[in-house]
file input22.pdb (PDB, C-alpha atoms, pLDDT in the B column)
ATOM      1  CA  MET A   1       4.272 -13.096  17.386  1.00 45.00           C
ATOM      2  CA  SER A   2       7.423 -14.594  18.831  1.00 42.00           C
ATOM      3  CA  PRO A   3       7.041 -15.389  22.550  1.00 43.00           C
ATOM      4  CA  LEU A   4      10.194 -13.286  23.165  1.00 43.00           C
ATOM      5  CA  ALA A   5       8.646 -10.141  21.719  1.00 48.00           C
ATOM      6  CA  SER A   6       6.848  -7.670  23.973  1.00 70.00           C
ATOM      7  CA  GLY A   7       6.312  -4.797  21.528  1.00 92.00           C
ATOM      8  CA  LYS A   8       3.603  -4.423  18.895  1.00 97.00           C
ATOM      9  CA  PHE A   9       4.025  -5.046  15.176  1.00 98.00           C
ATOM     10  CA  ILE A  10       1.723  -3.262  12.696  1.00 98.00           C
ATOM     11  CA  THR A  11       1.967  -3.588   8.925  1.00 98.00           C
ATOM     12  CA  PHE A  12       0.408  -1.399   6.234  1.00 98.00           C
ATOM     13  CA  GLU A  13      -0.615  -3.103   3.001  1.00 98.00           C
ATOM     14  CA  GLY A  14      -2.402  -2.268  -0.224  1.00 97.00           C
ATOM     15  CA  GLY A  15      -1.894  -1.541  -3.895  1.00 95.00           C
ATOM     16  CA  GLU A  16      -0.170   1.401  -5.518  1.00 93.00           C
ATOM     17  CA  GLY A  17      -1.163   4.913  -4.451  1.00 93.00           C
ATOM     18  CA  VAL A  18      -3.274   3.932  -1.431  1.00 96.00           C
ATOM     19  CA  GLY A  19      -1.310   6.103   1.017  1.00 96.00           C
ATOM     20  CA  LYS A  20       0.466   3.507   3.159  1.00 96.00           C
ATOM     21  CA  SER A  21       3.579   5.581   3.823  1.00 95.00           C
ATOM     22  CA  THR A  22       1.547   8.632   4.817  1.00 97.00           C
ATOM     23  CA  GLN A  23      -0.723   6.697   7.155  1.00 98.00           C
ATOM     24  CA  ALA A  24       2.220   4.894   8.764  1.00 98.00           C
ATOM     25  CA  ARG A  25       3.860   8.252   9.444  1.00 98.00           C
ATOM     26  CA  LEU A  26       0.669   9.746  10.908  1.00 98.00           C
ATOM     27  CA  LEU A  27       0.119   6.724  13.150  1.00 98.00           C
ATOM     28  CA  ALA A  28       3.740   6.889  14.328  1.00 98.00           C
ATOM     29  CA  GLU A  29       3.198  10.518  15.363  1.00 98.00           C
ATOM     30  CA  ARG A  30       0.120   9.629  17.410  1.00 97.00           C
ATOM     31  CA  LEU A  31       1.789   6.667  19.079  1.00 97.00           C
ATOM     32  CA  ARG A  32       4.799   8.778  20.036  1.00 97.00           C
ATOM     33  CA  ALA A  33       2.468  11.409  21.439  1.00 96.00           C
ATOM     34  CA  ALA A  34       0.940   8.625  23.564  1.00 94.00           C
ATOM     35  CA  GLY A  35       4.384   7.861  24.971  1.00 95.00           C
ATOM     36  CA  HIS A  36       5.502   4.910  22.859  1.00 96.00           C
ATOM     37  CA  THR A  37       8.838   4.315  21.180  1.00 97.00           C
ATOM     38  CA  VAL A  38       8.132   3.700  17.497  1.00 98.00           C
ATOM     39  CA  VAL A  39      10.298   2.187  14.771  1.00 98.00           C
ATOM     40  CA  GLU A  40       9.208   3.127  11.236  1.00 98.00           C
ATOM     41  CA  THR A  41      10.472   0.846   8.491  1.00 98.00           C
ATOM     42  CA  ARG A  42       9.579  -0.504   5.066  1.00 97.00           C
ATOM     43  CA  GLU A  43       9.845  -3.437   2.700  1.00 97.00           C
ATOM     44  CA  PRO A  44      11.692  -4.234   0.702  1.00 93.00           C
ATOM     45  CA  GLY A  45      14.343  -2.352   2.631  1.00 95.00           C
ATOM     46  CA  GLY A  46      14.805  -1.448   6.251  1.00 96.00           C
ATOM     47  CA  THR A  47      18.470  -2.531   6.299  1.00 97.00           C
ATOM     48  CA  GLU A  48      21.479  -1.725   4.136  1.00 96.00           C
ATOM     49  CA  ARG A  49      21.240  -5.074   2.358  1.00 96.00           C
ATOM     50  CA  GLY A  50      17.471  -4.794   2.076  1.00 96.00           C
ATOM     51  CA  GLU A  51      17.694  -1.366   0.445  1.00 96.00           C
ATOM     52  CA  LYS A  52      20.123  -2.712  -2.150  1.00 96.00           C
ATOM     53  CA  ILE A  53      17.683  -5.509  -2.978  1.00 95.00           C
ATOM     54  CA  ARG A  54      14.857  -2.943  -3.089  1.00 94.00           C
ATOM     55  CA  ASN A  55      16.686  -0.860  -5.681  1.00 94.00           C
ATOM     56  CA  PHE A  56      17.409  -3.959  -7.763  1.00 94.00           C
ATOM     57  CA  LEU A  57      13.776  -5.112  -7.674  1.00 92.00           C
ATOM     58  CA  LEU A  58      12.006  -1.797  -8.232  1.00 91.00           C
ATOM     59  CA  ALA A  59      14.301  -0.919 -11.104  1.00 90.00           C
ATOM     60  CA  GLY A  60      12.948  -4.041 -12.838  1.00 89.00           C
ATOM     61  CA  ARG A  61      16.317  -5.784 -12.953  1.00 92.00           C
ATOM     62  CA  ALA A  62      14.861  -8.966 -11.434  1.00 90.00           C
ATOM     63  CA  LYS A  63      11.921  -9.120 -13.850  1.00 90.00           C
ATOM     64  CA  GLN A  64      13.860 -11.520 -16.077  1.00 92.00           C
ATOM     65  CA  TYR A  65      13.749 -14.113 -13.271  1.00 93.00           C
ATOM     66  CA  GLY A  66       9.944 -14.103 -13.145  1.00 94.00           C
ATOM     67  CA  SER A  67       7.615 -13.661 -10.196  1.00 94.00           C
ATOM     68  CA  ALA A  68       9.071 -16.655  -8.340  1.00 96.00           C
ATOM     69  CA  GLY A  69      12.572 -15.229  -8.586  1.00 96.00           C
ATOM     70  CA  GLU A  70      11.329 -11.863  -7.359  1.00 95.00           C
ATOM     71  CA  ALA A  71       9.601 -13.577  -4.437  1.00 96.00           C
ATOM     72  CA  VAL A  72      12.892 -15.199  -3.423  1.00 97.00           C
ATOM     73  CA  LEU A  73      14.645 -11.812  -3.461  1.00 96.00           C
ATOM     74  CA  PHE A  74      11.856 -10.152  -1.468  1.00 96.00           C
ATOM     75  CA  SER A  75      12.111 -12.957   1.071  1.00 97.00           C
ATOM     76  CA  ALA A  76      15.888 -12.603   1.308  1.00 96.00           C
ATOM     77  CA  ALA A  77      15.463  -8.919   2.100  1.00 97.00           C
ATOM     78  CA  ARG A  78      12.698  -9.778   4.600  1.00 98.00           C
ATOM     79  CA  ASP A  79      14.845 -12.331   6.409  1.00 97.00           C
ATOM     80  CA  ASP A  80      17.548  -9.700   6.964  1.00 97.00           C
ATOM     81  CA  HIS A  81      14.960  -7.097   7.969  1.00 98.00           C
ATOM     82  CA  VAL A  82      13.265  -9.347  10.519  1.00 98.00           C
ATOM     83  CA  ARG A  83      16.535 -10.415  12.128  1.00 97.00           C
ATOM     84  CA  GLU A  84      18.258  -7.023  12.140  1.00 97.00           C
ATOM     85  CA  VAL A  85      15.397  -4.584  12.791  1.00 98.00           C
ATOM     86  CA  ILE A  86      11.988  -6.023  13.630  1.00 98.00           C
ATOM     87  CA  ARG A  87      12.750  -8.691  16.228  1.00 97.00           C
ATOM     88  CA  PRO A  88      15.238  -6.537  18.192  1.00 97.00           C
ATOM     89  CA  ALA A  89      12.755  -3.643  18.284  1.00 97.00           C
ATOM     90  CA  LEU A  90       9.900  -5.852  19.470  1.00 97.00           C
ATOM     91  CA  ALA A  91      12.127  -7.390  22.146  1.00 96.00           C
ATOM     92  CA  ARG A  92      12.825  -3.859  23.430  1.00 96.00           C
ATOM     93  CA  GLY A  93       9.092  -3.256  23.686  1.00 96.00           C
ATOM     94  CA  ASP A  94       8.948  -0.840  20.749  1.00 97.00           C
ATOM     95  CA  TRP A  95       6.052  -0.462  18.346  1.00 98.00           C
ATOM     96  CA  VAL A  96       7.139  -1.387  14.818  1.00 98.00           C
ATOM     97  CA  LEU A  97       5.253   0.127  11.873  1.00 98.00           C
ATOM     98  CA  CYS A  98       6.190  -1.449   8.555  1.00 98.00           C
ATOM     99  CA  ASP A  99       5.188  -0.189   5.104  1.00 98.00           C
ATOM    100  CA  ARG A 100       4.573  -3.583   3.415  1.00 97.00           C
ATOM    101  CA  PHE A 101       5.473  -7.032   4.672  1.00 98.00           C
ATOM    102  CA  SER A 102       4.806 -10.628   3.638  1.00 97.00           C
ATOM    103  CA  ASP A 103       1.230  -9.966   2.505  1.00 98.00           C
ATOM    104  CA  SER A 104       2.629  -7.851  -0.325  1.00 97.00           C
ATOM    105  CA  THR A 105       4.578 -10.840  -1.619  1.00 97.00           C
ATOM    106  CA  ALA A 106       1.438 -12.970  -1.392  1.00 97.00           C
ATOM    107  CA  ALA A 107      -0.520 -10.358  -3.357  1.00 96.00           C
ATOM    108  CA  TYR A 108       2.035  -9.126  -5.910  1.00 95.00           C
ATOM    109  CA  GLN A 109       3.905 -12.330  -6.702  1.00 96.00           C
ATOM    110  CA  GLY A 110       1.085 -14.683  -5.691  1.00 96.00           C
ATOM    111  CA  ALA A 111      -2.383 -13.374  -6.526  1.00 96.00           C
ATOM    112  CA  ALA A 112      -1.259 -11.085  -9.354  1.00 94.00           C
ATOM    113  CA  GLY A 113       1.968 -12.834 -10.379  1.00 94.00           C
ATOM    114  CA  GLY A 114       0.780 -16.440 -10.356  1.00 96.00           C
ATOM    115  CA  VAL A 115       3.292 -17.954  -7.908  1.00 97.00           C
ATOM    116  CA  LYS A 116       1.827 -20.895  -6.014  1.00 97.00           C
ATOM    117  CA  PRO A 117       0.812 -20.201  -2.390  1.00 96.00           C
ATOM    118  CA  THR A 118       2.664 -23.299  -1.159  1.00 97.00           C
ATOM    119  CA  PHE A 119       5.944 -21.883  -2.476  1.00 97.00           C
ATOM    120  CA  LEU A 120       5.303 -18.489  -0.884  1.00 97.00           C
ATOM    121  CA  ARG A 121       4.363 -20.062   2.455  1.00 96.00           C
ATOM    122  CA  ALA A 122       7.625 -22.005   2.444  1.00 97.00           C
ATOM    123  CA  LEU A 123       9.591 -18.791   1.869  1.00 97.00           C
ATOM    124  CA  ASN A 124       7.629 -17.099   4.617  1.00 96.00           C
ATOM    125  CA  ARG A 125       8.427 -19.824   7.144  1.00 96.00           C
ATOM    126  CA  VAL A 126      12.120 -19.156   6.568  1.00 95.00           C
ATOM    127  CA  ALA A 127      12.032 -15.349   6.438  1.00 97.00           C
ATOM    128  CA  VAL A 128       9.340 -14.590   9.030  1.00 97.00           C
ATOM    129  CA  GLY A 129       8.985 -17.650  11.239  1.00 95.00           C
ATOM    130  CA  GLU A 130       6.742 -16.691  14.166  1.00 94.00           C
ATOM    131  CA  THR A 131       7.271 -12.937  13.783  1.00 97.00           C
ATOM    132  CA  ASP A 132       3.811 -12.271  12.360  1.00 96.00           C
ATOM    133  CA  PRO A 133       2.187  -8.840  12.646  1.00 98.00           C
ATOM    134  CA  ASP A 134      -0.184  -8.166  15.538  1.00 98.00           C
ATOM    135  CA  LEU A 135      -2.271  -6.069  13.164  1.00 98.00           C
ATOM    136  CA  THR A 136      -2.328  -5.539   9.399  1.00 98.00           C
ATOM    137  CA  LEU A 137      -4.094  -2.495   7.983  1.00 98.00           C
ATOM    138  CA  ILE A 138      -5.055  -3.049   4.354  1.00 98.00           C
ATOM    139  CA  LEU A 139      -5.745   0.285   2.690  1.00 98.00           C
ATOM    140  CA  ASP A 140      -8.253  -0.325  -0.085  1.00 98.00           C
ATOM    141  CA  LEU A 141      -8.696   1.777  -3.198  1.00 96.00           C
ATOM    142  CA  PRO A 142      -9.949   0.932  -6.710  1.00 96.00           C
ATOM    143  CA  ALA A 143      -6.935   0.075  -8.836  1.00 93.00           C
ATOM    144  CA  GLU A 144      -7.455   2.838 -11.402  1.00 94.00           C
ATOM    145  CA  ALA A 145      -7.738   5.505  -8.694  1.00 94.00           C
ATOM    146  CA  GLY A 146      -4.604   4.222  -6.984  1.00 93.00           C
ATOM    147  CA  LEU A 147      -2.608   4.345 -10.199  1.00 93.00           C
ATOM    148  CA  LYS A 148      -3.721   7.940 -10.804  1.00 92.00           C
ATOM    149  CA  ARG A 149      -2.545   8.891  -7.322  1.00 91.00           C
ATOM    150  CA  ALA A 150       0.781   7.140  -7.884  1.00 88.00           C
ATOM    151  CA  SER A 151       1.197   8.946 -11.215  1.00 84.00           C
ATOM    152  CA  THR A 152       0.552  12.316  -9.565  1.00 84.00           C
ATOM    153  CA  ARG A 153       3.078  11.497  -6.843  1.00 74.00           C
ATOM    154  CA  ASN A 154       5.679  10.540  -9.438  1.00 64.00           C
ATOM    155  CA  ASP A 155       5.059  13.763 -11.353  1.00 58.00           C
ATOM    156  CA  ASP A 156       5.583  15.748  -8.163  1.00 55.00           C
ATOM    157  CA  ASN A 157       8.762  13.849  -7.385  1.00 51.00           C
ATOM    158  CA  ALA A 158      10.031  14.329 -10.936  1.00 46.00           C
ATOM    159  CA  ALA A 159       9.543  18.077 -10.564  1.00 45.00           C
ATOM    160  CA  ASP A 160      11.923  17.870  -7.611  1.00 44.00           C
ATOM    161  CA  GLY A 161      14.403  15.832  -9.617  1.00 44.00           C
ATOM    162  CA  GLU A 162      13.333  12.520  -8.124  1.00 44.00           C
ATOM    163  CA  GLY A 163      11.016   9.630  -8.810  1.00 48.00           C
ATOM    164  CA  ALA A 164      10.153   7.323 -11.666  1.00 50.00           C
ATOM    165  CA  VAL A 165       7.545   4.669 -12.368  1.00 52.00           C
ATOM    166  CA  ASP A 166       8.804   1.513 -10.681  1.00 75.00           C
ATOM    167  CA  ARG A 167       8.605  -2.107 -11.809  1.00 74.00           C
ATOM    168  CA  PHE A 168       5.112  -2.676 -10.409  1.00 85.00           C
ATOM    169  CA  GLU A 169       3.475   0.691 -10.984  1.00 83.00           C
ATOM    170  CA  GLY A 170       4.204   0.144 -14.677  1.00 78.00           C
ATOM    171  CA  MET A 171       2.091  -3.022 -14.883  1.00 87.00           C
ATOM    172  CA  ASP A 172      -1.281  -2.886 -16.652  1.00 88.00           C
ATOM    173  CA  LEU A 173      -4.634  -2.254 -14.994  1.00 93.00           C
ATOM    174  CA  ARG A 174      -5.573  -5.938 -15.027  1.00 94.00           C
ATOM    175  CA  PHE A 175      -2.529  -6.717 -12.867  1.00 93.00           C
ATOM    176  CA  HIS A 176      -3.498  -4.036 -10.360  1.00 95.00           C
ATOM    177  CA  GLU A 177      -7.106  -5.183 -10.221  1.00 96.00           C
ATOM    178  CA  ALA A 178      -5.896  -8.725  -9.459  1.00 95.00           C
ATOM    179  CA  LEU A 179      -3.623  -7.211  -6.840  1.00 96.00           C
ATOM    180  CA  ARG A 180      -6.524  -5.470  -5.113  1.00 97.00           C
ATOM    181  CA  GLU A 181      -8.554  -8.679  -5.131  1.00 97.00           C
ATOM    182  CA  GLY A 182      -5.579 -10.493  -3.654  1.00 97.00           C
ATOM    183  CA  PHE A 183      -5.317  -8.099  -0.719  1.00 98.00           C
ATOM    184  CA  LEU A 184      -9.050  -8.301  -0.041  1.00 98.00           C
ATOM    185  CA  LYS A 185      -8.849 -12.098  -0.073  1.00 98.00           C
ATOM    186  CA  ILE A 186      -5.976 -11.990   2.434  1.00 98.00           C
ATOM    187  CA  ALA A 187      -8.101  -9.787   4.704  1.00 98.00           C
ATOM    188  CA  ALA A 188     -11.100 -12.105   4.421  1.00 98.00           C
ATOM    189  CA  GLU A 189      -9.003 -15.161   5.288  1.00 97.00           C
ATOM    190  CA  ALA A 190      -7.308 -13.579   8.322  1.00 97.00           C
ATOM    191  CA  PRO A 191      -9.904 -11.336  10.021  1.00 97.00           C
ATOM    192  CA  GLN A 192      -8.224 -11.756  13.414  1.00 97.00           C
ATOM    193  CA  ARG A 193      -5.161  -9.942  12.045  1.00 98.00           C
ATOM    194  CA  CYS A 194      -6.314  -7.869   9.075  1.00 98.00           C
ATOM    195  CA  VAL A 195      -8.625  -4.859   8.876  1.00 98.00           C
ATOM    196  CA  VAL A 196      -9.606  -3.210   5.581  1.00 98.00           C
ATOM    197  CA  VAL A 197      -9.621   0.601   5.661  1.00 98.00           C
ATOM    198  CA  ASP A 198     -11.374   2.669   2.977  1.00 98.00           C
ATOM    199  CA  ALA A 199      -8.565   4.700   1.392  1.00 97.00           C
ATOM    200  CA  GLN A 200     -10.910   6.663  -0.887  1.00 96.00           C
ATOM    201  CA  GLN A 201     -11.572   9.088   1.959  1.00 96.00           C
ATOM    202  CA  ALA A 202      -9.629  12.227   2.757  1.00 96.00           C
ATOM    203  CA  GLU A 203      -6.215  11.630   4.322  1.00 97.00           C
ATOM    204  CA  SER A 204      -7.386  12.855   7.729  1.00 97.00           C
ATOM    205  CA  ALA A 205     -10.453  10.581   7.672  1.00 98.00           C
ATOM    206  CA  VAL A 206      -8.312   7.561   6.810  1.00 98.00           C
ATOM    207  CA  ALA A 207      -5.968   8.466   9.681  1.00 98.00           C
ATOM    208  CA  GLU A 208      -8.904   8.564  12.104  1.00 98.00           C
ATOM    209  CA  ASP A 209     -10.111   5.163  10.926  1.00 98.00           C
ATOM    210  CA  VAL A 210      -6.596   3.760  11.342  1.00 98.00           C
ATOM    211  CA  TRP A 211      -6.348   5.169  14.864  1.00 98.00           C
ATOM    212  CA  GLU A 212      -9.753   3.747  15.793  1.00 98.00           C
ATOM    213  CA  VAL A 213      -8.711   0.273  14.625  1.00 98.00           C
ATOM    214  CA  VAL A 214      -5.381   0.446  16.457  1.00 98.00           C
ATOM    215  CA  THR A 215      -6.954   1.607  19.718  1.00 97.00           C
ATOM    216  CA  ASP A 216      -9.671  -1.038  19.469  1.00 97.00           C
ATOM    217  CA  ARG A 217      -7.306  -3.916  18.676  1.00 96.00           C
ATOM    218  CA  LEU A 218      -4.117  -3.012  20.553  1.00 96.00           C
ATOM    219  CA  GLU A 219      -5.105  -0.416  23.197  1.00 89.00           C
ATOM    220  CA  PRO A 220      -2.078   1.877  22.875  1.00 81.00           C
TER
END
call {"tool": "encode", "arguments": {"input": "input22.pdb", "output": "C-alpha cells"}}
result
Amino acid sequence: MSPLASGKFITFEGGEGVGKSTQARLLAERLRAAGHTVVETREPGGTERGEKIRNFLLAGRAKQYGSAGEAVLFSAARDDHVREVIRPALARGDWVLCDRFSDSTAAYQGAAGGVKPTFLRALNRVAVGETDPDLTLILDLPAEAGLKRASTRNDDNAADGEGAVDRFEGMDLRFHEALREGFLKIAAEAPQRCVVVDAQQAESAVAEDVWEVVTDRLEP
C-alpha cells in the first residue's frame, strides 16, 4: 500500500464463473452496514477510458495482438483506474473492493497466455506502483464447473437481451485449467496477501467465508 493511503483495498480474483462480482457486492453491503464508505469497482474498467478498453478487449478485438499486447492494454486501463479511482478513494479512507486486478493479468496473460513474468512485473510497476491490495480473495472452482456457471449466466442474460460469451470465456478447457493453476500459484507465493476461498459452496456459505477472512485480516 502507498504510505499516503489510509483506506483498505480488497481484490477479488478467480477464473470464469466463480462468483467474484456477487461476493464483492455482498461484502460491500456488510461493510456499509458496519459503517464504512465503500467503493465498488472492476477491471478492466472503473473509469470511462477503462470501460472503453474493457469493451475492446472482451470483444476479442485485441486478440490479434497476442497475450502480450492484451497485457499492455489491461495495464493501460489499470494505470488510469489506479490514478483516477483507487488511490483517491484510499486517501479518503474508503474501502475499495475491486473485481479483478493485476493478479488476473498474471494468470490470464501470464500463466495461461504464456507472457513472461518479467514483462508483466515491469508493466505492473508502472500501472500499480505501491498501490498493492491489502487483501486478495481468490475464489477457487474447478474450471469445468466455472465454465458451466458462466454459460448459465450468459443464457440468463441473453434471455434479457444482454450478454454474450466474451474473449476469455470462449477459450478451451485446457486454457481455463491453466488459469486456475495460475491463480493457486499466485496464492501460494503470496500468503500474506492472498486467501483461497472454496467457491463450490452455496453463495451464502462463500459470503460467510469471505467475511471471516476480512474480519480476521483487516478487522473492519
call {"tool": "atom_distance", "arguments": {"input": "input22.pdb", "atom1": "CA of Lys148 in chain A", "atom2": "CA of Gln109 in chain A"}}
result
22.0 Å
call {"tool": "closest_residue", "arguments": {"input": "input22.pdb", "among": "A:Trp95, A:Ala111, A:Arg83, A:Leu123", "to": "Gly69 in chain A", "atoms": "only C-alpha atoms"}}
result
A:Leu123
call {"tool": "residues_around", "arguments": {"input": "input22.pdb", "residues": "Asp166 in chain A", "least_positions_apart": "6", "cutoff": "9 Å", "atoms": "only C-alpha atoms", "output": "ChimeraX atom specification"}}
result
/A:57-60
call {"tool": "residues_around", "arguments": {"input": "input22.pdb", "residues": "Arg78 in chain A", "least_positions_apart": "5", "cutoff": "9 Å", "atoms": "all atoms listed in the file", "output": "PyMOL selection string"}}
result
chain A and resi 43-46+50+73+83+101-102+124+127-128
call {"tool": "atom_distance", "arguments": {"input": "input22.pdb", "atom1": "CA of Asn55 in chain A", "atom2": "CA of Arg167 in chain A"}}
result
10.2 Å
call {"tool": "atom_distance", "arguments": {"input": "input22.pdb", "atom1": "CA of Ala34 in chain A", "atom2": "CA of Val213 in chain A"}}
result
15.6 Å
call {"tool": "closest_atom_pairs", "arguments": {"input": "input22.pdb", "of": "range 21-64 of chain A", "to": "range 190-203 of chain A", "cutoff": "10 Å", "atoms": "only C-alpha atoms", "output": "tab-separated table"}}
result
residue	atom	partner	partner_atom	distance
A:Thr22	CA	A:Glu203	CA	8.3
A:Gln23	CA	A:Glu203	CA	7.9
A:Leu26	CA	A:Glu203	CA	9.7
call {"tool": "closest_residue", "arguments": {"input": "input22.pdb", "among": "A:Asp140, A:Glu40, A:Asp209, A:Glu189", "to": "Glu177 in chain A", "atoms": "only C-alpha atoms"}}
result
A:Asp140
call {"tool": "closest_residue", "arguments": {"input": "input22.pdb", "among": "A:Val126, A:Leu97, A:Ala205, A:Ala107", "to": "Asp80 in chain A", "atoms": "all atoms listed in the file"}}
result
A:Val126
call {"tool": "resolve_selection", "arguments": {"input": "input22.pdb", "expression": "the PyMOL selection byres ((chain A and resi 110) around 12)", "output": "JSON, numbers by chain"}}
result
{"A": [66, 67, 68, 69, 70, 71, 102, 103, 104, 105, 106, 107, 108, 109, 111, 112, 113, 114, 115, 116, 117, 118, 119, 120, 121, 175, 178, 179, 180, 181, 182, 183, 185, 186]}
call {"tool": "closest_residue", "arguments": {"input": "input22.pdb", "among": "A:Leu137, A:Leu218, A:Ala145, A:Val38", "to": "Thr11 in chain A", "atoms": "all atoms listed in the file"}}
result
A:Leu137
call {"tool": "decode", "arguments": {"input": "input22.pdb", "residues": "range 44-63 of chain A", "atoms": "N, CA and C atoms", "output": "PDB file, in the first residue's frame"}}
result
ATOM      1  N   PRO A  44     -11.044  -5.124 -16.354  1.00  0.00           N
ATOM      2  CA  PRO A  44     -10.733  -3.771 -16.808  1.00  0.00           C
ATOM      3  C   PRO A  44     -11.980  -2.904 -16.709  1.00  0.00           C
ATOM      4  N   GLY A  45     -11.787  -1.622 -16.500  1.00  0.00           N
ATOM      5  CA  GLY A  45     -12.912  -0.716 -16.350  1.00  0.00           C
ATOM      6  C   GLY A  45     -12.685   0.233 -15.196  1.00  0.00           C
ATOM      7  N   GLY A  46     -13.786   0.657 -14.594  1.00  0.00           N
ATOM      8  CA  GLY A  46     -13.696   1.532 -13.440  1.00  0.00           C
ATOM      9  C   GLY A  46     -13.631   3.011 -13.767  1.00  0.00           C
ATOM     10  N   THR A  47     -13.233   3.343 -14.994  1.00  0.00           N
ATOM     11  CA  THR A  47     -13.203   4.731 -15.473  1.00  0.00           C
ATOM     12  C   THR A  47     -13.761   4.730 -16.889  1.00  0.00           C
ATOM     13  N   GLU A  48     -14.047   5.907 -17.408  1.00  0.00           N
ATOM     14  CA  GLU A  48     -14.579   5.987 -18.776  1.00  0.00           C
ATOM     15  C   GLU A  48     -13.605   5.385 -19.777  1.00  0.00           C
ATOM     16  N   ARG A  49     -12.328   5.731 -19.647  1.00  0.00           N
ATOM     17  CA  ARG A  49     -11.326   5.181 -20.566  1.00  0.00           C
ATOM     18  C   ARG A  49     -11.160   3.680 -20.354  1.00  0.00           C
ATOM     19  N   GLY A  50     -11.174   3.274 -19.080  1.00  0.00           N
ATOM     20  CA  GLY A  50     -11.023   1.854 -18.777  1.00  0.00           C
ATOM     21  C   GLY A  50     -12.158   1.015 -19.341  1.00  0.00           C
ATOM     22  N   GLU A  51     -13.375   1.534 -19.301  1.00  0.00           N
ATOM     23  CA  GLU A  51     -14.519   0.794 -19.831  1.00  0.00           C
ATOM     24  C   GLU A  51     -14.425   0.652 -21.352  1.00  0.00           C
ATOM     25  N   LYS A  52     -13.889   1.662 -22.012  1.00  0.00           N
ATOM     26  CA  LYS A  52     -13.703   1.560 -23.463  1.00  0.00           C
ATOM     27  C   LYS A  52     -12.689   0.474 -23.794  1.00  0.00           C
ATOM     28  N   ILE A  53     -11.596   0.427 -23.016  1.00  0.00           N
ATOM     29  CA  ILE A  53     -10.601  -0.627 -23.223  1.00  0.00           C
ATOM     30  C   ILE A  53     -11.205  -1.988 -22.915  1.00  0.00           C
ATOM     31  N   ARG A  54     -12.027  -2.070 -21.864  1.00  0.00           N
ATOM     32  CA  ARG A  54     -12.693  -3.317 -21.500  1.00  0.00           C
ATOM     33  C   ARG A  54     -13.506  -3.854 -22.680  1.00  0.00           C
ATOM     34  N   ASN A  55     -14.316  -2.984 -23.263  1.00  0.00           N
ATOM     35  CA  ASN A  55     -15.164  -3.413 -24.379  1.00  0.00           C
ATOM     36  C   ASN A  55     -14.325  -3.906 -25.552  1.00  0.00           C
ATOM     37  N   PHE A  56     -13.225  -3.227 -25.808  1.00  0.00           N
ATOM     38  CA  PHE A  56     -12.324  -3.608 -26.901  1.00  0.00           C
ATOM     39  C   PHE A  56     -11.719  -4.988 -26.649  1.00  0.00           C
ATOM     40  N   LEU A  57     -11.258  -5.208 -25.403  1.00  0.00           N
ATOM     41  CA  LEU A  57     -10.610  -6.469 -25.053  1.00  0.00           C
ATOM     42  C   LEU A  57     -11.586  -7.639 -25.036  1.00  0.00           C
ATOM     43  N   LEU A  58     -12.714  -7.476 -24.344  1.00  0.00           N
ATOM     44  CA  LEU A  58     -13.629  -8.599 -24.167  1.00  0.00           C
ATOM     45  C   LEU A  58     -14.372  -8.962 -25.443  1.00  0.00           C
ATOM     46  N   ALA A  59     -14.418  -8.018 -26.380  1.00  0.00           N
ATOM     47  CA  ALA A  59     -14.998  -8.331 -27.680  1.00  0.00           C
ATOM     48  C   ALA A  59     -14.022  -9.118 -28.558  1.00  0.00           C
ATOM     49  N   GLY A  60     -12.784  -9.295 -28.077  1.00  0.00           N
ATOM     50  CA  GLY A  60     -11.792 -10.067 -28.816  1.00  0.00           C
ATOM     51  C   GLY A  60     -11.054  -9.272 -29.874  1.00  0.00           C
ATOM     52  N   ARG A  61     -11.232  -7.945 -29.866  1.00  0.00           N
ATOM     53  CA  ARG A  61     -10.609  -7.132 -30.913  1.00  0.00           C
ATOM     54  C   ARG A  61      -9.107  -6.979 -30.722  1.00  0.00           C
ATOM     55  N   ALA A  62      -8.612  -7.277 -29.513  1.00  0.00           N
ATOM     56  CA  ALA A  62      -7.166  -7.189 -29.270  1.00  0.00           C
ATOM     57  C   ALA A  62      -6.478  -8.546 -29.414  1.00  0.00           C
ATOM     58  N   LYS A  63      -7.243  -9.586 -29.687  1.00  0.00           N
ATOM     59  CA  LYS A  63      -6.670 -10.932 -29.766  1.00  0.00           C
ATOM     60  C   LYS A  63      -5.557 -11.007 -30.809  1.00  0.00           C
TER      61      LYS A  63
END
